[in-house]
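Shown next: protein-v1.cif, given as mmCIF, C-alpha atoms.
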```cif
data_my_file
#
loop_
_atom_site.label_atom_id
_atom_site.label_comp_id
_atom_site.auth_asym_id
_atom_site.auth_seq_id
_atom_site.Cartn_x
_atom_site.Cartn_y
_atom_site.Cartn_z
CA MET A 1 -24.14 -25.91 -29.72
CA LYS A 2 -20.99 -27.92 -29.20
CA ILE A 3 -18.56 -26.47 -26.65
CA THR A 4 -14.98 -27.13 -27.67
CA LEU A 5 -11.77 -26.42 -25.80
CA ARG A 6 -11.07 -23.68 -28.32
CA SER A 7 -14.38 -21.85 -27.79
CA PHE A 8 -14.22 -22.36 -24.02
CA HIS A 9 -10.66 -20.99 -24.01
CA ARG A 10 -11.77 -17.98 -26.07
CA TYR A 11 -14.61 -16.98 -23.74
CA ILE A 12 -12.81 -17.68 -20.47
CA SER A 13 -9.84 -15.67 -21.78
CA LEU A 14 -12.13 -12.76 -22.51
CA ALA A 15 -13.59 -12.96 -19.01
CA ILE A 16 -10.22 -13.02 -17.24
CA SER A 17 -8.35 -10.61 -19.51
CA ILE A 18 -9.26 -7.53 -17.45
CA GLN A 19 -7.81 -8.99 -14.26
CA LEU A 20 -4.72 -10.20 -16.12
CA LEU A 21 -4.29 -6.65 -17.42
CA LEU A 22 -4.62 -5.26 -13.87
CA TRP A 23 -2.07 -7.80 -12.57
CA THR A 24 0.33 -6.81 -15.34
CA ILE A 25 -0.09 -3.05 -14.90
CA SER A 26 0.25 -3.22 -11.11
CA GLY A 27 3.23 -5.57 -11.40
CA ILE A 28 4.97 -3.14 -13.75
CA TYR A 29 4.21 -0.29 -11.34
CA PHE A 30 5.68 -2.27 -8.41
CA SER A 31 8.84 -3.13 -10.32
CA PHE A 32 9.52 0.50 -11.28
CA ASN A 33 8.99 2.02 -7.82
CA LYS A 34 11.31 1.48 -4.88
CA ILE A 35 9.40 0.38 -1.80
CA GLU A 36 11.66 2.55 0.40
CA GLU A 37 10.46 5.64 -1.45
CA VAL A 38 6.84 4.50 -1.32
CA ARG A 39 7.19 4.17 2.46
CA GLY A 40 8.60 7.70 2.65
CA GLU A 41 12.04 6.70 3.95
CA GLN A 42 13.63 9.46 1.84
CA TYR A 43 12.02 12.00 4.20
CA LEU A 44 13.65 10.57 7.32
CA ILE A 45 16.85 12.11 8.59
CA LYS A 46 19.45 9.42 9.19
CA GLU A 47 20.33 9.31 12.85
CA SER A 48 24.03 9.24 13.59
CA GLY A 49 25.41 7.25 16.47
CA GLN A 50 23.36 5.36 18.99
CA GLN A 51 19.61 5.24 19.13
CA VAL A 52 18.22 7.27 21.98
CA THR A 53 15.57 5.27 23.78
CA ARG A 54 12.88 7.19 25.53
CA PRO A 55 11.37 5.87 28.70
CA GLU A 56 7.83 4.49 28.34
CA ASN A 57 5.59 7.52 28.52
CA THR A 58 2.05 7.21 29.87
CA LYS A 59 1.19 10.80 29.02
CA LYS A 60 0.70 12.09 25.47
CA ILE A 61 3.21 14.57 24.16
CA ASN A 62 1.66 17.92 23.32
CA PHE A 63 1.06 19.14 19.80
CA GLU A 64 4.08 21.44 19.73
CA GLU A 65 6.39 18.63 20.90
CA ALA A 66 4.93 16.34 18.24
CA LYS A 67 5.52 18.89 15.48
CA SER A 68 9.01 19.61 16.82
CA LEU A 69 9.91 15.89 16.72
CA VAL A 70 8.68 15.62 13.14
CA ALA A 71 10.74 18.65 12.12
CA GLU A 72 13.76 17.14 13.90
CA LYS A 73 13.43 13.59 12.47
CA THR A 74 12.34 14.39 8.90
CA THR A 75 12.99 16.81 6.07
CA LEU A 76 9.29 17.73 6.07
CA THR A 77 7.59 20.86 7.34
CA PRO A 78 4.79 20.03 9.79
CA LEU A 79 1.65 22.12 9.24
CA GLU A 80 -1.28 20.68 11.15
CA LEU A 81 -1.94 17.96 13.70
CA GLN A 82 -5.00 15.72 14.05
CA VAL A 83 -5.69 13.06 16.67
CA ILE A 84 -6.88 9.69 15.38
CA GLU A 85 -8.64 7.57 17.95
CA GLU A 86 -11.02 5.43 15.89
CA PRO A 87 -10.04 2.83 13.28
CA GLU A 88 -11.17 3.51 9.72
CA ARG A 89 -11.69 0.82 7.11
CA GLY A 90 -8.92 0.85 4.49
CA SER A 91 -7.17 3.84 6.06
CA GLU A 92 -3.56 4.91 5.61
CA PHE A 93 -2.84 4.01 9.22
CA ARG A 94 -4.50 0.58 9.22
CA GLY A 95 -2.75 -2.04 11.29
CA ARG A 96 -1.33 0.52 13.73
CA ASP A 97 -2.20 0.81 17.39
CA LEU A 98 -4.40 3.77 18.20
CA PRO A 99 -4.40 6.58 19.19
CA LEU A 100 -2.12 8.20 16.63
CA TYR A 101 -1.20 11.72 15.75
CA LYS A 102 -1.63 12.51 12.08
CA ILE A 103 0.70 15.33 11.22
CA ILE A 104 -0.03 16.90 7.88
CA SER A 105 3.26 18.10 6.42
CA GLN A 106 4.79 19.39 3.22
CA ASN A 107 7.92 18.37 1.38
CA GLU A 108 10.21 20.77 -0.48
CA GLU A 109 8.07 20.49 -3.63
CA GLY A 110 4.93 21.54 -1.72
CA GLU A 111 3.33 18.08 -1.79
CA THR A 112 1.20 17.10 1.20
CA ILE A 113 2.66 14.22 3.19
CA ASN A 114 0.91 12.61 6.17
CA ILE A 115 3.01 11.43 9.09
CA TYR A 116 1.53 9.06 11.65
CA GLN A 117 3.18 9.41 15.04
CA ASP A 118 2.86 7.59 18.36
CA PRO A 119 1.40 10.25 20.69
CA TYR A 120 3.23 8.82 23.72
CA SER A 121 6.76 8.21 22.43
CA GLY A 122 6.83 10.58 19.47
CA GLU A 123 8.02 7.72 17.25
CA ILE A 124 7.14 8.04 13.57
CA MET A 125 4.97 5.04 12.75
CA ALA A 126 4.28 5.67 9.05
CA ILE A 127 4.75 8.24 6.30
CA ARG A 128 2.07 8.43 3.60
CA SER A 129 2.28 10.35 0.35
CA SER A 130 0.41 10.35 -2.96
CA GLN A 131 2.97 7.80 -4.18
CA TRP A 132 2.00 5.49 -1.30
CA ARG A 133 -1.71 6.01 -2.05
CA LEU A 134 -1.22 5.00 -5.69
CA TRP A 135 0.85 1.98 -4.56
CA ASP A 136 -1.95 1.05 -2.13
CA LEU A 137 -4.56 1.29 -4.91
CA MET A 138 -2.41 -0.86 -7.19
CA TRP A 139 -1.91 -3.36 -4.38
CA GLY A 140 -5.67 -3.61 -3.83
CA LEU A 141 -6.22 -4.25 -7.54
CA HIS A 142 -3.37 -6.75 -7.60
CA ILE A 143 -4.64 -8.86 -4.69
CA MET A 144 -8.32 -8.28 -5.57
CA ASP A 145 -9.14 -6.87 -2.13
CA TRP A 146 -10.61 -3.55 -3.14
CA ALA A 147 -11.89 -2.42 0.29
CA GLU A 148 -9.26 -3.32 2.90
CA ARG A 149 -6.29 -3.92 0.57
CA GLU A 150 -4.79 -6.38 3.06
CA ASN A 151 -6.31 -9.82 2.50
CA ILE A 152 -4.27 -11.94 0.10
CA ASP A 153 -6.23 -15.00 1.24
CA ASN A 154 -9.46 -14.08 -0.56
CA VAL A 155 -11.61 -16.26 -2.78
CA PHE A 156 -11.47 -13.91 -5.80
CA LEU A 157 -7.68 -14.04 -5.95
CA LYS A 158 -7.62 -17.82 -5.69
CA LEU A 159 -10.40 -18.31 -8.25
CA PHE A 160 -8.94 -15.92 -10.82
CA SER A 161 -5.45 -17.39 -10.33
CA PHE A 162 -6.71 -20.88 -11.18
CA ILE A 163 -8.71 -19.58 -14.14
CA ALA A 164 -5.61 -17.74 -15.40
CA LEU A 165 -3.55 -20.94 -15.04
CA PHE A 166 -6.17 -22.96 -16.92
CA THR A 167 -6.35 -20.30 -19.64
CA ALA A 168 -2.57 -20.30 -20.09
CA LEU A 169 -2.32 -24.10 -20.17
CA SER A 170 -5.25 -24.49 -22.58
CA GLY A 171 -3.67 -21.82 -24.80
CA VAL A 172 -0.44 -23.83 -24.97
CA VAL A 173 -2.37 -27.01 -25.82
CA LEU A 174 -4.37 -25.21 -28.49
CA PHE A 175 -1.21 -23.72 -29.98
CA PHE A 176 0.05 -27.20 -30.84
CA TYR A 177 -3.36 -28.67 -31.67
CA LYS A 178 -4.30 -28.13 -35.29
CA LYS A 179 -7.90 -28.24 -36.55
#
```
Representation of the structure as structure tokens:
Amino acid sequence: MKITLRSFHRYISLAISIQLLLWTISGIYFSFNKIEEVRGEQYLIKESGQQVTRPENTKKINFEEAKSLVAEKTTLTPLELQVIEEPERGSEFRGRDLPLYKIISQNEEGETINIYQDPYSGEIMAIRSSQWRLWDLMWGLHIMDWAERENIDNVFLKLFSFIALFTALSGVVLFFYKK
């Protein structure tokens, strides 16, 4: 069996087409969703005037204070508080210093929104909604890091990028090359 550029292009295109489809779908999703809304910035109440800086606190704020700060700084209704002390692979709060308070809240439409808060300062560290979770899934598919969704320096991404480049270039050559 003689392997020609045309047959090689055909089979390599078939192999990479699924990832190209995932790159395209996730890219379309990214372009139609504002990152500010994905991050939950629409739930934050804009502070007027100067920022109030709290002194460095070595003692955790209590649960009621934490909920009160969330109600004061966001448009969300805090419902429940959990303490997070152990890192979890691929979690919503990855990359943040622990411990954290996870405050389960609701928006006006009744959707569950998670707020991650520094238990010492009360500062809101992250807001996570179903929109963020879908964005995170799409990001993992886009960068081909399905577990952590952080590593853009992975071998799969590099390999598939070069295969996609080769496929595109060979397709252009074959377009002008007549049998």
Name the residues that the PyMOL selection byres ((chain A and resi 161-173) around 12) picks from the file above, as a ChimeraX atom specification, using the file's chain letters and numbers.
/A:4-21,23,142-144,152-160,174-178
Test item: the PyMOL selection byres ((chain A and resi 66) around 12) resolved as a ChimeraX atom specification:
/A:60-65,67-73,78-83,100-104,115-124
Keeping only C-alpha atoms, write those residues as a compact mmCIF listing (two decimals), in the coordinates of the input.
```txt
# COMPACT_ATOMS: atom_id res chain seq x y z
CA LYS A 60 0.70 12.09 25.47
CA ILE A 61 3.21 14.57 24.16
CA ASN A 62 1.66 17.92 23.32
CA PHE A 63 1.06 19.14 19.80
CA GLU A 64 4.08 21.44 19.73
CA GLU A 65 6.39 18.63 20.90
CA LYS A 67 5.52 18.89 15.48
CA SER A 68 9.01 19.61 16.82
CA LEU A 69 9.91 15.89 16.72
CA VAL A 70 8.68 15.62 13.14
CA ALA A 71 10.74 18.65 12.12
CA GLU A 72 13.76 17.14 13.90
CA LYS A 73 13.43 13.59 12.47
CA PRO A 78 4.79 20.03 9.79
CA LEU A 79 1.65 22.12 9.24
CA GLU A 80 -1.28 20.68 11.15
CA LEU A 81 -1.94 17.96 13.70
CA GLN A 82 -5.00 15.72 14.05
CA VAL A 83 -5.69 13.06 16.67
CA LEU A 100 -2.12 8.20 16.63
CA TYR A 101 -1.20 11.72 15.75
CA LYS A 102 -1.63 12.51 12.08
CA ILE A 103 0.70 15.33 11.22
CA ILE A 104 -0.03 16.90 7.88
CA ILE A 115 3.01 11.43 9.09
CA TYR A 116 1.53 9.06 11.65
CA GLN A 117 3.18 9.41 15.04
CA ASP A 118 2.86 7.59 18.36
CA PRO A 119 1.40 10.25 20.69
CA TYR A 120 3.23 8.82 23.72
CA SER A 121 6.76 8.21 22.43
CA GLY A 122 6.83 10.58 19.47
CA GLU A 123 8.02 7.72 17.25
CA ILE A 124 7.14 8.04 13.57
```
Counting all atoms listed in the file, which of A:Gly90, A:Arg39, A:Thr75, A:Lys2 gets nearest to A:Gly140?
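Once distances to A:Gly140 are computed over all atoms listed in the file, the minimum belongs to A:Gly90.
With only C-alpha atoms as the atoms that count, the residue of A:Lys59, A:Arg96, A:Leu141, A:Gln42 with the shortest distance to A:Tyr29 is A:Leu141.
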For A:Glu111: contacts at 10 Å, all atoms listed in the file, fewer than 4 positions along chain excluded, given as a count of residues only
6
Interatomic distance, atom CA of A:Asn114 to atom CA of A:Lys34 (Å, one decimal):
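Distance reported for this atom pair: 18.8 Å.
Atom pair atom CA of A:Ile127 / atom CA of A:Gly40: separated by 5.3 Å.
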Using all atoms listed in the file, which residues sit within 10 Å of A:Trp132 once same-chain residues fewer than 5 positions away are excluded, as a list in words?
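Surrounding residues, per the criterion: Ile35, Glu37, Val38, Arg39, Gly40, Glu92, Ile113, Ile127, Leu137 and Met138 of chain A.
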Between atom CA of A:Leu22 and atom CA of A:Leu134, measure the distance and give it in Å to one decimal.
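Separation of atom CA of A:Leu22 and atom CA of A:Leu134: 13.6 Å.
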